[in-house]
$ cat coords_1.cif   # mmCIF, C-alpha atoms and all ligand atoms
data_start
#
loop_
_atom_site.group_PDB
_atom_site.id
_atom_site.type_symbol
_atom_site.label_atom_id
_atom_site.label_comp_id
_atom_site.auth_asym_id
_atom_site.auth_seq_id
_atom_site.Cartn_x
_atom_site.Cartn_y
_atom_site.Cartn_z
ATOM 1 C CA MET A 65 30.622 34.648 -47.546
ATOM 2 C CA GLU A 66 28.263 37.507 -48.401
ATOM 3 C CA HIS A 67 25.295 37.211 -50.759
ATOM 4 C CA THR A 68 23.066 39.997 -52.050
ATOM 5 C CA VAL A 69 19.388 39.003 -52.166
ATOM 6 C CA LYS A 70 16.388 40.881 -53.521
ATOM 7 C CA ILE A 71 13.204 41.402 -51.502
ATOM 8 C CA LEU A 72 10.362 39.796 -53.475
ATOM 9 C CA GLN A 73 7.503 40.247 -51.031
ATOM 10 C CA ILE A 74 6.759 41.895 -47.675
ATOM 11 C CA ASN A 75 3.853 40.671 -45.523
ATOM 12 C CA GLN A 76 2.499 42.314 -42.365
ATOM 13 C CA ILE A 77 2.299 39.566 -39.703
ATOM 14 C CA THR A 78 1.346 41.540 -36.560
ATOM 15 C CA HIS A 79 1.197 45.275 -35.800
ATOM 16 C CA ASP A 80 5.014 45.364 -35.475
ATOM 17 C CA VAL A 81 6.224 42.207 -37.242
ATOM 18 C CA LYS A 82 6.845 41.836 -40.969
ATOM 19 C CA GLU A 83 7.806 38.859 -43.100
ATOM 20 C CA PHE A 84 10.433 39.546 -45.767
ATOM 21 C CA ILE A 85 10.621 37.035 -48.617
ATOM 22 C CA THR A 86 13.812 37.229 -50.679
ATOM 23 C CA ASP A 87 15.300 35.251 -53.492
ATOM 24 C CA LYS A 88 17.775 32.537 -52.510
ATOM 25 C CA PRO A 89 21.418 32.373 -53.634
ATOM 26 C CA GLN A 90 22.114 29.282 -55.686
ATOM 27 C CA GLY A 91 23.206 26.348 -53.544
ATOM 28 C CA TYR A 92 22.412 28.160 -50.262
ATOM 29 C CA THR A 93 21.322 25.660 -47.574
ATOM 30 C CA PHE A 94 20.519 25.881 -43.866
ATOM 31 C CA GLU A 95 18.890 23.879 -41.092
ATOM 32 C CA PRO A 96 15.589 24.919 -39.467
ATOM 33 C CA GLY A 97 16.437 27.011 -36.382
ATOM 34 C CA GLN A 98 19.523 28.597 -37.930
ATOM 35 C CA ALA A 99 20.035 32.330 -38.529
ATOM 36 C CA THR A 100 22.242 34.518 -40.672
ATOM 37 C CA VAL A 101 23.657 38.000 -40.297
ATOM 38 C CA VAL A 102 21.737 40.528 -42.386
ATOM 39 C CA ALA A 103 22.447 44.095 -43.505
ATOM 40 C CA ILE A 104 20.407 46.449 -45.680
ATOM 41 C CA ASN A 105 22.091 46.971 -49.055
ATOM 42 C CA LYS A 106 21.912 50.765 -49.010
ATOM 43 C CA GLU A 107 24.530 53.417 -48.471
ATOM 44 C CA GLY A 108 25.132 53.950 -44.775
ATOM 45 C CA TYR A 109 23.729 50.571 -43.711
ATOM 46 C CA GLU A 110 26.351 48.111 -45.020
ATOM 47 C CA GLY A 111 28.192 47.823 -41.701
ATOM 48 C CA GLN A 112 25.046 47.521 -39.588
ATOM 49 C CA LYS A 113 24.518 43.794 -39.308
ATOM 50 C CA ARG A 114 21.962 41.939 -37.215
ATOM 51 C CA PRO A 115 21.223 38.212 -36.946
ATOM 52 C CA PHE A 116 17.821 37.046 -38.227
ATOM 53 C CA THR A 117 16.435 33.524 -38.334
ATOM 54 C CA PHE A 118 15.162 31.801 -41.455
ATOM 55 C CA THR A 119 11.443 31.135 -41.113
ATOM 56 C CA SER A 120 11.244 29.559 -44.560
ATOM 57 C CA LEU A 121 12.263 25.945 -45.093
ATOM 58 C CA ASN A 122 15.463 24.798 -46.694
ATOM 59 C CA ASP A 123 13.517 23.239 -49.599
ATOM 60 C CA ASP A 124 11.560 26.441 -50.314
ATOM 61 C CA GLU A 125 12.393 28.340 -53.465
ATOM 62 C CA ASN A 126 12.910 31.597 -51.535
ATOM 63 C CA LEU A 127 14.245 32.728 -48.149
ATOM 64 C CA GLY A 128 11.893 34.113 -45.493
ATOM 65 C CA PHE A 129 12.617 36.211 -42.398
ATOM 66 C CA THR A 130 10.069 37.210 -39.740
ATOM 67 C CA ILE A 131 11.223 40.448 -38.191
ATOM 68 C CA LYS A 132 9.977 42.532 -35.301
ATOM 69 C CA ILE A 133 10.307 46.238 -36.027
ATOM 70 C CA TYR A 134 11.605 48.386 -33.155
ATOM 71 C CA SER A 135 10.366 51.680 -34.562
ATOM 72 C CA ASP A 136 11.432 53.818 -31.612
ATOM 73 C CA ALA A 137 15.016 52.519 -31.572
ATOM 74 C CA HIS A 138 16.408 53.852 -34.900
ATOM 75 C CA GLY A 139 18.341 50.623 -35.388
ATOM 76 C CA VAL A 140 18.301 48.226 -38.326
ATOM 77 C CA THR A 141 14.702 47.018 -38.006
ATOM 78 C CA ASP A 142 13.383 50.599 -37.959
ATOM 79 C CA ALA A 143 15.136 51.104 -41.308
ATOM 80 C CA MET A 144 13.799 47.748 -42.553
ATOM 81 C CA ASP A 145 10.294 49.064 -41.978
ATOM 82 C CA ASP A 146 10.882 51.445 -44.924
ATOM 83 C CA LEU A 147 12.112 48.729 -47.301
ATOM 84 C CA ARG A 148 10.012 47.893 -50.342
ATOM 85 C CA GLU A 149 9.860 45.007 -52.809
ATOM 86 C CA GLY A 150 12.896 45.264 -55.091
ATOM 87 C CA ASP A 151 15.204 46.542 -52.327
ATOM 88 C CA GLU A 152 18.135 44.326 -51.380
ATOM 89 C CA LEU A 153 19.625 42.721 -48.280
ATOM 90 C CA ILE A 154 23.136 41.386 -47.758
ATOM 91 C CA ILE A 155 23.135 38.030 -45.994
ATOM 92 C CA ASN A 156 25.927 35.834 -44.756
ATOM 93 C CA ASN A 157 26.440 32.127 -44.100
ATOM 94 C CA PRO A 158 23.902 30.302 -41.905
ATOM 95 C CA TRP A 159 24.886 29.658 -38.293
ATOM 96 C CA GLY A 160 23.358 28.959 -34.892
ATOM 97 C CA ALA A 161 23.016 26.403 -32.129
ATOM 98 C CA ILE A 162 19.254 25.904 -32.210
ATOM 99 C CA ARG A 163 18.472 22.647 -34.026
ATOM 100 C CA TYR A 164 15.835 20.004 -33.518
ATOM 101 C CA LYS A 165 17.075 17.163 -31.321
ATOM 102 C CA GLY A 166 13.855 15.225 -30.806
ATOM 103 C CA PRO A 167 10.382 15.745 -29.295
ATOM 104 C CA GLY A 168 10.348 18.183 -26.392
ATOM 105 C CA TYR A 169 9.216 21.530 -25.109
ATOM 106 C CA PHE A 170 9.555 24.741 -27.120
ATOM 107 C CA ILE A 171 9.576 27.824 -24.883
ATOM 108 C CA ALA A 172 9.427 31.188 -26.658
ATOM 109 C CA GLY A 173 8.928 34.839 -25.831
ATOM 110 C CA GLY A 174 7.812 37.323 -28.532
ATOM 111 C CA ALA A 175 10.099 37.309 -31.594
ATOM 112 C CA GLY A 176 11.969 34.396 -29.953
ATOM 113 C CA ILE A 177 9.448 32.170 -31.732
ATOM 114 C CA THR A 178 11.274 32.550 -35.075
ATOM 115 C CA PRO A 179 13.635 29.540 -34.853
ATOM 116 C CA PHE A 180 10.693 27.420 -33.728
ATOM 117 C CA ILE A 181 8.544 28.570 -36.663
ATOM 118 C CA ALA A 182 11.073 26.998 -39.016
ATOM 119 C CA ILE A 183 11.492 23.848 -36.916
ATOM 120 C CA LEU A 184 7.739 23.337 -36.433
ATOM 121 C CA ARG A 185 6.986 23.978 -40.121
ATOM 122 C CA GLN A 186 9.575 21.343 -41.043
ATOM 123 C CA LEU A 187 8.158 18.868 -38.486
ATOM 124 C CA LYS A 188 4.668 19.414 -39.888
ATOM 125 C CA LYS A 189 5.930 18.854 -43.420
ATOM 126 C CA ASP A 190 7.657 15.643 -42.274
ATOM 127 C CA ASN A 191 4.615 14.514 -40.247
ATOM 128 C CA GLN A 192 6.728 14.461 -37.061
ATOM 129 C CA VAL A 193 4.957 16.969 -34.815
ATOM 130 C CA ASP A 194 3.780 14.417 -32.211
ATOM 131 C CA GLY A 195 5.338 14.632 -28.760
ATOM 132 C CA ASN A 196 6.202 18.336 -29.010
ATOM 133 C CA MET A 197 4.719 21.151 -26.935
ATOM 134 C CA LEU A 198 4.953 24.912 -27.275
ATOM 135 C CA PHE A 199 4.769 27.473 -24.473
ATOM 136 C CA PHE A 200 4.595 30.930 -26.088
ATOM 137 C CA SER A 201 4.626 34.097 -23.975
ATOM 138 C CA ASN A 202 3.574 37.527 -25.266
ATOM 139 C CA LYS A 203 2.419 40.823 -23.835
ATOM 140 C CA THR A 204 -1.036 40.816 -25.481
ATOM 141 C CA THR A 205 -2.889 38.853 -28.176
ATOM 142 C CA ARG A 206 -1.977 41.420 -30.821
ATOM 143 C CA ASP A 207 1.716 40.605 -30.257
ATOM 144 C CA VAL A 208 1.354 36.866 -30.945
ATOM 145 C CA ILE A 209 3.207 35.916 -34.141
ATOM 146 C CA LEU A 210 1.432 33.365 -36.379
ATOM 147 C CA GLU A 211 -0.963 32.171 -33.673
ATOM 148 C CA ASP A 212 -3.355 30.456 -36.124
ATOM 149 C CA GLU A 213 -0.574 28.524 -37.816
ATOM 150 C CA LEU A 214 0.978 27.454 -34.492
ATOM 151 C CA ARG A 215 -2.434 26.276 -33.201
ATOM 152 C CA ASP A 216 -2.956 24.439 -36.472
ATOM 153 C CA ILE A 217 0.411 22.652 -36.190
ATOM 154 C CA LEU A 218 0.255 21.781 -32.481
ATOM 155 C CA GLY A 219 -3.440 21.845 -31.504
ATOM 156 C CA ASP A 220 -3.872 21.616 -27.722
ATOM 157 C CA ASN A 221 -0.115 21.228 -27.335
ATOM 158 C CA ALA A 222 0.359 24.966 -27.986
ATOM 159 C CA LEU A 223 -0.145 27.020 -24.826
ATOM 160 C CA PHE A 224 -0.243 30.806 -25.179
ATOM 161 C CA THR A 225 0.328 32.972 -22.125
ATOM 162 C CA LEU A 226 -0.173 36.735 -21.908
ATOM 163 C CA THR A 227 1.680 38.959 -19.458
ATOM 164 C CA ARG A 228 -0.319 42.175 -19.951
ATOM 165 C CA GLU A 229 -3.792 40.979 -20.877
ATOM 166 C CA ASP A 230 -6.332 38.595 -19.373
ATOM 167 C CA LYS A 231 -8.344 36.828 -22.059
ATOM 168 C CA PRO A 232 -10.295 33.557 -22.358
ATOM 169 C CA GLY A 233 -8.361 30.895 -24.271
ATOM 170 C CA TYR A 234 -5.008 32.188 -23.016
ATOM 171 C CA LEU A 235 -3.037 31.580 -19.859
ATOM 172 C CA ASN A 236 -2.060 34.619 -17.872
ATOM 173 C CA GLY A 237 1.420 35.465 -16.562
ATOM 174 C CA ARG A 238 5.071 34.786 -17.259
ATOM 175 C CA ILE A 239 6.693 31.421 -17.935
ATOM 176 C CA ASP A 240 8.271 30.881 -14.525
ATOM 177 C CA GLU A 241 8.885 28.031 -12.107
ATOM 178 C CA ALA A 242 5.191 27.660 -11.177
ATOM 179 C CA PHE A 243 4.210 27.612 -14.861
ATOM 180 C CA LEU A 244 6.795 24.955 -15.729
ATOM 181 C CA ARG A 245 5.914 22.799 -12.696
ATOM 182 C CA LYS A 246 2.303 22.831 -13.830
ATOM 183 C CA HIS A 247 2.770 22.198 -17.547
ATOM 184 C CA VAL A 248 5.934 20.095 -17.969
ATOM 185 C CA ARG A 249 5.337 16.376 -17.529
ATOM 186 C CA ASP A 250 8.772 15.053 -18.465
ATOM 187 C CA PHE A 251 11.936 16.959 -17.539
ATOM 188 C CA SER A 252 14.124 14.440 -19.357
ATOM 189 C CA LYS A 253 12.927 15.643 -22.788
ATOM 190 C CA PRO A 254 14.772 18.365 -24.748
ATOM 191 C CA PHE A 255 13.890 21.982 -23.961
ATOM 192 C CA TYR A 256 14.223 24.563 -26.735
ATOM 193 C CA VAL A 257 14.385 28.087 -25.295
ATOM 194 C CA CYS A 258 14.376 31.409 -27.176
ATOM 195 C CA GLY A 259 13.413 34.848 -25.921
ATOM 196 C CA THR A 260 15.171 37.937 -24.671
ATOM 197 C CA PRO A 261 18.560 37.112 -23.132
ATOM 198 C CA GLU A 262 17.053 37.681 -19.654
ATOM 199 C CA MET A 263 14.089 35.386 -20.320
ATOM 200 C CA THR A 264 16.346 32.674 -21.738
ATOM 201 C CA ARG A 265 18.713 32.923 -18.759
ATOM 202 C CA GLU A 266 15.875 32.805 -16.202
ATOM 203 C CA ILE A 267 14.127 29.849 -17.803
ATOM 204 C CA ASN A 268 17.336 27.888 -18.190
ATOM 205 C CA GLN A 269 18.100 28.397 -14.486
ATOM 206 C CA VAL A 270 14.635 27.184 -13.494
ATOM 207 C CA LEU A 271 14.848 24.165 -15.809
ATOM 208 C CA GLU A 272 18.215 23.124 -14.381
ATOM 209 C CA LYS A 273 16.907 23.598 -10.856
ATOM 210 C CA MET A 274 13.974 21.345 -11.714
ATOM 211 C CA GLY A 275 16.236 18.571 -12.934
ATOM 212 C CA ALA A 276 16.608 19.115 -16.678
ATOM 213 C CA PRO A 277 20.127 18.026 -17.722
ATOM 214 C CA SER A 278 22.002 21.100 -19.026
ATOM 215 C CA ASP A 279 22.851 19.365 -22.305
ATOM 216 C CA SER A 280 19.138 18.876 -23.005
ATOM 217 C CA ILE A 281 18.501 22.644 -22.901
ATOM 218 C CA ILE A 282 18.964 24.051 -26.410
ATOM 219 C CA PHE A 283 19.325 27.809 -26.829
ATOM 220 C CA GLU A 284 21.302 30.390 -28.799
ATOM 221 C CA GLY A 285 24.539 31.385 -27.110
ATOM 222 C CA LYS A 286 25.404 27.900 -25.911
HETATM 223 C C1 LIG B 301 20.667 34.335 -33.285
HETATM 224 C C2 LIG B 301 19.660 35.461 -33.317
HETATM 225 C C3 LIG B 301 18.567 35.368 -34.168
HETATM 226 C C4 LIG B 301 17.631 36.411 -34.236
HETATM 227 N N1 LIG B 301 16.537 36.257 -35.057
HETATM 228 C C5 LIG B 301 15.601 37.232 -35.094
HETATM 229 C C6 LIG B 301 14.434 37.071 -35.905
HETATM 230 O O1 LIG B 301 14.256 36.077 -36.620
HETATM 231 N N2 LIG B 301 13.507 38.066 -35.889
HETATM 232 C C7 LIG B 301 13.662 39.189 -35.116
HETATM 233 O O2 LIG B 301 12.771 40.041 -35.138
HETATM 234 N N3 LIG B 301 14.776 39.378 -34.355
HETATM 235 C C8 LIG B 301 15.736 38.434 -34.329
HETATM 236 N N4 LIG B 301 16.866 38.628 -33.560
HETATM 237 C C9 LIG B 301 17.105 39.962 -32.928
HETATM 238 C C10 LIG B 301 17.767 40.910 -33.959
HETATM 239 O O3 LIG B 301 19.030 40.405 -34.343
HETATM 240 C C11 LIG B 301 17.996 42.348 -33.443
HETATM 241 O O4 LIG B 301 18.706 42.316 -32.234
HETATM 242 C C12 LIG B 301 16.718 43.099 -33.209
HETATM 243 O O5 LIG B 301 15.944 43.051 -34.386
HETATM 244 C C13 LIG B 301 16.964 44.568 -32.856
HETATM 245 O O6 LIG B 301 17.717 45.188 -33.889
HETATM 246 P P1 LIG B 301 17.624 46.749 -34.174
HETATM 247 O O7 LIG B 301 18.831 47.130 -34.950
HETATM 248 O O8 LIG B 301 16.303 47.151 -34.745
HETATM 249 O O9 LIG B 301 17.610 47.413 -32.753
HETATM 250 P P2 LIG B 301 18.826 47.812 -31.813
HETATM 251 O O10 LIG B 301 19.162 49.230 -32.073
HETATM 252 O O11 LIG B 301 19.901 46.787 -31.871
HETATM 253 O O12 LIG B 301 18.034 47.656 -30.433
HETATM 254 C C14 LIG B 301 16.803 48.348 -30.304
HETATM 255 C C15 LIG B 301 16.057 48.001 -29.048
HETATM 256 O O13 LIG B 301 15.601 46.661 -29.121
HETATM 257 C C16 LIG B 301 15.993 45.950 -27.958
HETATM 258 N N5 LIG B 301 16.374 44.633 -28.395
HETATM 259 C C17 LIG B 301 17.396 44.306 -29.215
HETATM 260 N N6 LIG B 301 17.403 42.992 -29.442
HETATM 261 C C18 LIG B 301 16.377 42.488 -28.740
HETATM 262 C C19 LIG B 301 15.865 41.185 -28.551
HETATM 263 N N7 LIG B 301 16.410 40.096 -29.152
HETATM 264 N N8 LIG B 301 14.778 41.034 -27.761
HETATM 265 C C20 LIG B 301 14.203 42.093 -27.169
HETATM 266 N N9 LIG B 301 14.657 43.341 -27.291
HETATM 267 C C21 LIG B 301 15.719 43.525 -28.049
HETATM 268 C C22 LIG B 301 17.134 46.701 -27.370
HETATM 269 O O14 LIG B 301 17.122 46.592 -25.976
HETATM 270 C C23 LIG B 301 16.873 48.133 -27.799
HETATM 271 O O15 LIG B 301 16.089 48.812 -26.867
HETATM 272 C C24 LIG B 301 17.804 37.590 -33.448
HETATM 273 C C25 LIG B 301 18.916 37.680 -32.599
HETATM 274 C C26 LIG B 301 19.828 36.645 -32.518
HETATM 275 C C27 LIG B 301 20.992 36.766 -31.582
#

$ encode --input "coords_1.cif" --output "structure tokens"
Amino acid sequence: MEHTVKILQINQITHDVKEFITDKPQGYTFEPGQATVVAINKEGYEGQKRPFTFTSLNDDENLGFTIKIYSDAHGVTDAMDDLREGDELIINNPWGAIRYKGPGYFIAGGAGITPFIAILRQLKKDNQVDGNMLFFSNKTTRDVILEDELRDILGDNALFTLTREDKPGYLNGRIDEAFLRKHVRDFSKPFYVCGTPEMTREINQVLEKMGAPSDSIIFEGK
């Protein structure tokens, strides 16, 4: 079912990521980690739908989306970059496989952090963060979405790794087999994986090879 929502606020999060806060249709509910299909409510854009994850909480008054703008691609996010407060989006029902299934390891690349933002915010609100770890890979520090908040939620259990920059306080390199061997202590815990399709595929293969049961690996597309 489609709902038209109004953009109430737009916040710049990183150099190419914006947060869009919209009003919430009455009775609309979702679980942290879920997404919905979104289109811009302007002539010419109605049929161009893309999935975006809620980064607000179900109990919040409004909906929030954290969206990376691909300005050289002329797709939907490039057009979203021009949206202003008062413009409208068309959203659909919530859906998605990523849900919290107990303390484990969150593994994210770039904008793949969005389902985990919602889950970790909810865990913080419920005082249930203990036992969770985050491995978050980005190109450089300026690409890291909500680093301060993630460090605040997880403390030393948030590890940030950079693939194109070497900087104190950050690990260096991709999340690969060597990385996981070094930083994962318990392969029987749930693994939550979200990044580009290639990153998700690669990490899932490594995790299975290292003994993680396939039903304990939670990712979109399952
Ligand atoms: C379940 C789900 C939830 C999502 N949630 C979010 C979210 O909360 N925030 C967010 O910013 N994006 C999210 N995405 C990605 C989003 O749906 C779009 O694919 C992305 O924003 C690109 O759309 P576009 O129309 O601007 O670009 P397109 O014209 O579709 O593609 C432009 C360029 O971006 C590249 N690209 C497309 N998608 C991705 C991707 N996922 N990772 C890396 N490169 C990509 C393409 O290779 C292409 O070069 C989600 C995707 C899925 C499947």

$ resolve_selection --input "coords_1.cif" --expression "the PyMOL selection byres (((chain A and resi 235) around 12) and not hetatm)" --output "list in words"
Phe199, Phe200, Ser201, Asn202, Lys203, Thr204, Thr205, Ala222, Leu223, Phe224, Thr225, Leu226, Thr227, Arg228, Glu229, Asp230, Lys231, Pro232, Gly233, Tyr234, Asn236, Gly237, Arg238, Ile239, Phe243, Lys246 and His247 of chain A

$ residues_around --input "coords_1.cif" --residues "Ile162 (chain A)" --least-positions-apart "2" --cutoff "9 Å" --atoms "all atoms listed in the file" --output "PyMOL selection string"
chain A and resi 96-98+160+164+179-180+256-258+282-284

$ write_last_selection --input "coords_1.cif" --atoms "C-alpha atoms" --output "mmCIF file, in the frame of the given file"
data_model
loop_
_atom_site.group_PDB
_atom_site.id
_atom_site.type_symbol
_atom_site.label_atom_id
_atom_site.label_comp_id
_atom_site.auth_asym_id
_atom_site.auth_seq_id
_atom_site.Cartn_x
_atom_site.Cartn_y
_atom_site.Cartn_z
ATOM 1 C CA PRO A 96 15.589 24.919 -39.467
ATOM 2 C CA GLY A 97 16.437 27.011 -36.382
ATOM 3 C CA GLN A 98 19.523 28.597 -37.930
ATOM 4 C CA GLY A 160 23.358 28.959 -34.892
ATOM 5 C CA TYR A 164 15.835 20.004 -33.518
ATOM 6 C CA PRO A 179 13.635 29.540 -34.853
ATOM 7 C CA PHE A 180 10.693 27.420 -33.728
ATOM 8 C CA TYR A 256 14.223 24.563 -26.735
ATOM 9 C CA VAL A 257 14.385 28.087 -25.295
ATOM 10 C CA CYS A 258 14.376 31.409 -27.176
ATOM 11 C CA ILE A 282 18.964 24.051 -26.410
ATOM 12 C CA PHE A 283 19.325 27.809 -26.829
ATOM 13 C CA GLU A 284 21.302 30.390 -28.799
#

$ resolve_selection --input "coords_1.cif" --expression "the PyMOL selection byres (((chain A and resi 255) around 7) and not hetatm)" --output "list in words"
Gly168, Tyr169, Phe170, Lys253, Pro254, Tyr256, Val257, Ser280, Ile281 and Ile282 of chain A

$ residues_near_ligand --input "coords_1.cif" --ligand "ligand LIG 301 (chain B)" --cutoff "8 Å" --atoms "all atoms listed in the file" --output "mmCIF file with C-alpha atoms, keeping the file's coordinate frame"
data_model
loop_
_atom_site.group_PDB
_atom_site.id
_atom_site.type_symbol
_atom_site.label_atom_id
_atom_site.label_comp_id
_atom_site.auth_asym_id
_atom_site.auth_seq_id
_atom_site.Cartn_x
_atom_site.Cartn_y
_atom_site.Cartn_z
ATOM 1 C CA VAL A 81 6.224 42.207 -37.242
ATOM 2 C CA GLN A 98 19.523 28.597 -37.930
ATOM 3 C CA ALA A 99 20.035 32.330 -38.529
ATOM 4 C CA THR A 100 22.242 34.518 -40.672
ATOM 5 C CA VAL A 101 23.657 38.000 -40.297
ATOM 6 C CA GLN A 112 25.046 47.521 -39.588
ATOM 7 C CA LYS A 113 24.518 43.794 -39.308
ATOM 8 C CA ARG A 114 21.962 41.939 -37.215
ATOM 9 C CA PRO A 115 21.223 38.212 -36.946
ATOM 10 C CA PHE A 116 17.821 37.046 -38.227
ATOM 11 C CA THR A 117 16.435 33.524 -38.334
ATOM 12 C CA PHE A 118 15.162 31.801 -41.455
ATOM 13 C CA THR A 119 11.443 31.135 -41.113
ATOM 14 C CA PHE A 129 12.617 36.211 -42.398
ATOM 15 C CA THR A 130 10.069 37.210 -39.740
ATOM 16 C CA ILE A 131 11.223 40.448 -38.191
ATOM 17 C CA LYS A 132 9.977 42.532 -35.301
ATOM 18 C CA ILE A 133 10.307 46.238 -36.027
ATOM 19 C CA TYR A 134 11.605 48.386 -33.155
ATOM 20 C CA SER A 135 10.366 51.680 -34.562
ATOM 21 C CA ASP A 136 11.432 53.818 -31.612
ATOM 22 C CA ALA A 137 15.016 52.519 -31.572
ATOM 23 C CA HIS A 138 16.408 53.852 -34.900
ATOM 24 C CA GLY A 139 18.341 50.623 -35.388
ATOM 25 C CA VAL A 140 18.301 48.226 -38.326
ATOM 26 C CA THR A 141 14.702 47.018 -38.006
ATOM 27 C CA ASP A 142 13.383 50.599 -37.959
ATOM 28 C CA ALA A 143 15.136 51.104 -41.308
ATOM 29 C CA GLY A 160 23.358 28.959 -34.892
ATOM 30 C CA GLY A 174 7.812 37.323 -28.532
ATOM 31 C CA ALA A 175 10.099 37.309 -31.594
ATOM 32 C CA GLY A 176 11.969 34.396 -29.953
ATOM 33 C CA ILE A 177 9.448 32.170 -31.732
ATOM 34 C CA THR A 178 11.274 32.550 -35.075
ATOM 35 C CA PRO A 179 13.635 29.540 -34.853
ATOM 36 C CA GLY A 259 13.413 34.848 -25.921
ATOM 37 C CA THR A 260 15.171 37.937 -24.671
ATOM 38 C CA PRO A 261 18.560 37.112 -23.132
ATOM 39 C CA GLU A 284 21.302 30.390 -28.799
ATOM 40 C CA GLY A 285 24.539 31.385 -27.110
#

$ residues_around --input "coords_1.cif" --residues "Leu210 (chain A)" --least-positions-apart "3" --cutoff "10 Å" --atoms "all atoms listed in the file" --output "NGL selection string"
:A and (77-78 or 177-178 or 181 or 207 or 213-216)

$ residues_around --input "coords_1.cif" --residues "Leu153 (chain A)" --least-positions-apart "2" --cutoff "8 Å" --atoms "all atoms listed in the file" --output "VMD selection string"
chain A and resid 68 to 71 102 to 105 151 155

$ write_last_selection --input "coords_1.cif" --atoms "C-alpha atoms" --output "CSV table (one decimal), in the coordinates of the input"
chain,number,residue,atom,x,y,z
A,68,THR,CA,23.1,40.0,-52.0
A,69,VAL,CA,19.4,39.0,-52.2
A,70,LYS,CA,16.4,40.9,-53.5
A,71,ILE,CA,13.2,41.4,-51.5
A,102,VAL,CA,21.7,40.5,-42.4
A,103,ALA,CA,22.4,44.1,-43.5
A,104,ILE,CA,20.4,46.4,-45.7
A,105,ASN,CA,22.1,47.0,-49.1
A,151,ASP,CA,15.2,46.5,-52.3
A,155,ILE,CA,23.1,38.0,-46.0

$ closest_residue --input "coords_1.cif" --among "A:Gly128, A:Pro158, A:Gly150, A:Gly111" --to "Phe94 (chain A)" --atoms "all atoms listed in the file"
A:Pro158

$ atom_distance --input "coords_1.cif" --atom1 "CA of Arg265 (chain A)" --atom2 "CA of Asp80 (chain A)"
24.9 Å

$ atom_distance --input "coords_1.cif" --atom1 "CA of Trp159 (chain A)" --atom2 "CA of Leu218 (chain A)"
26.5 Å

$ closest_residue --input "coords_1.cif" --among "A:Leu127, A:Pro167, A:Met197, A:Lys106" --to "Gln73 (chain A)" --atoms "only C-alpha atoms"
A:Leu127

$ closest_residue --input "coords_1.cif" --among "A:Met144, A:Ala172, A:Met274, A:Leu198" --to "Phe84 (chain A)" --atoms "only C-alpha atoms"
A:Met144

$ resolve_selection --input "coords_1.cif" --expression "the PyMOL selection byres (((chain A and resi 251) around 8) and not hetatm)" --output "ChimeraX atom specification"
/A:248-250,252-254,271,274-276

$ build_atoms --input "coords_1.cif" --residues "region 251-262 of chain A" --atoms "N, CA and C atoms" --output "compact mmCIF listing (two decimals), in the frame of the given file"
# COMPACT_ATOMS: atom_id res chain seq x y z
N PHE A 251 10.76 16.09 -17.52
CA PHE A 251 11.94 16.96 -17.54
C PHE A 251 13.15 16.30 -18.21
N SER A 252 12.98 15.07 -18.68
CA SER A 252 14.12 14.44 -19.36
C SER A 252 14.10 14.71 -20.87
N LYS A 253 13.01 15.34 -21.35
CA LYS A 253 12.93 15.64 -22.79
C LYS A 253 13.75 16.89 -23.12
N PRO A 254 14.08 17.12 -24.39
CA PRO A 254 14.77 18.36 -24.75
C PRO A 254 13.89 19.60 -24.50
N PHE A 255 14.55 20.68 -24.08
CA PHE A 255 13.89 21.98 -23.96
C PHE A 255 14.55 22.92 -24.96
N TYR A 256 13.74 23.59 -25.76
CA TYR A 256 14.22 24.56 -26.74
C TYR A 256 13.78 25.93 -26.23
N VAL A 257 14.73 26.82 -25.95
CA VAL A 257 14.38 28.09 -25.30
C VAL A 257 14.87 29.26 -26.13
N CYS A 258 13.96 30.21 -26.44
CA CYS A 258 14.38 31.41 -27.18
C CYS A 258 13.49 32.59 -26.82
N GLY A 259 14.12 33.61 -26.26
CA GLY A 259 13.41 34.85 -25.92
C GLY A 259 14.44 35.94 -25.75
N THR A 260 14.13 36.95 -24.96
CA THR A 260 15.17 37.94 -24.67
C THR A 260 16.28 37.22 -23.89
N PRO A 261 17.49 37.77 -23.89
CA PRO A 261 18.56 37.11 -23.13
C PRO A 261 18.17 36.89 -21.66
N GLU A 262 17.45 37.84 -21.07
CA GLU A 262 17.05 37.68 -19.65
C GLU A 262 16.07 36.52 -19.50
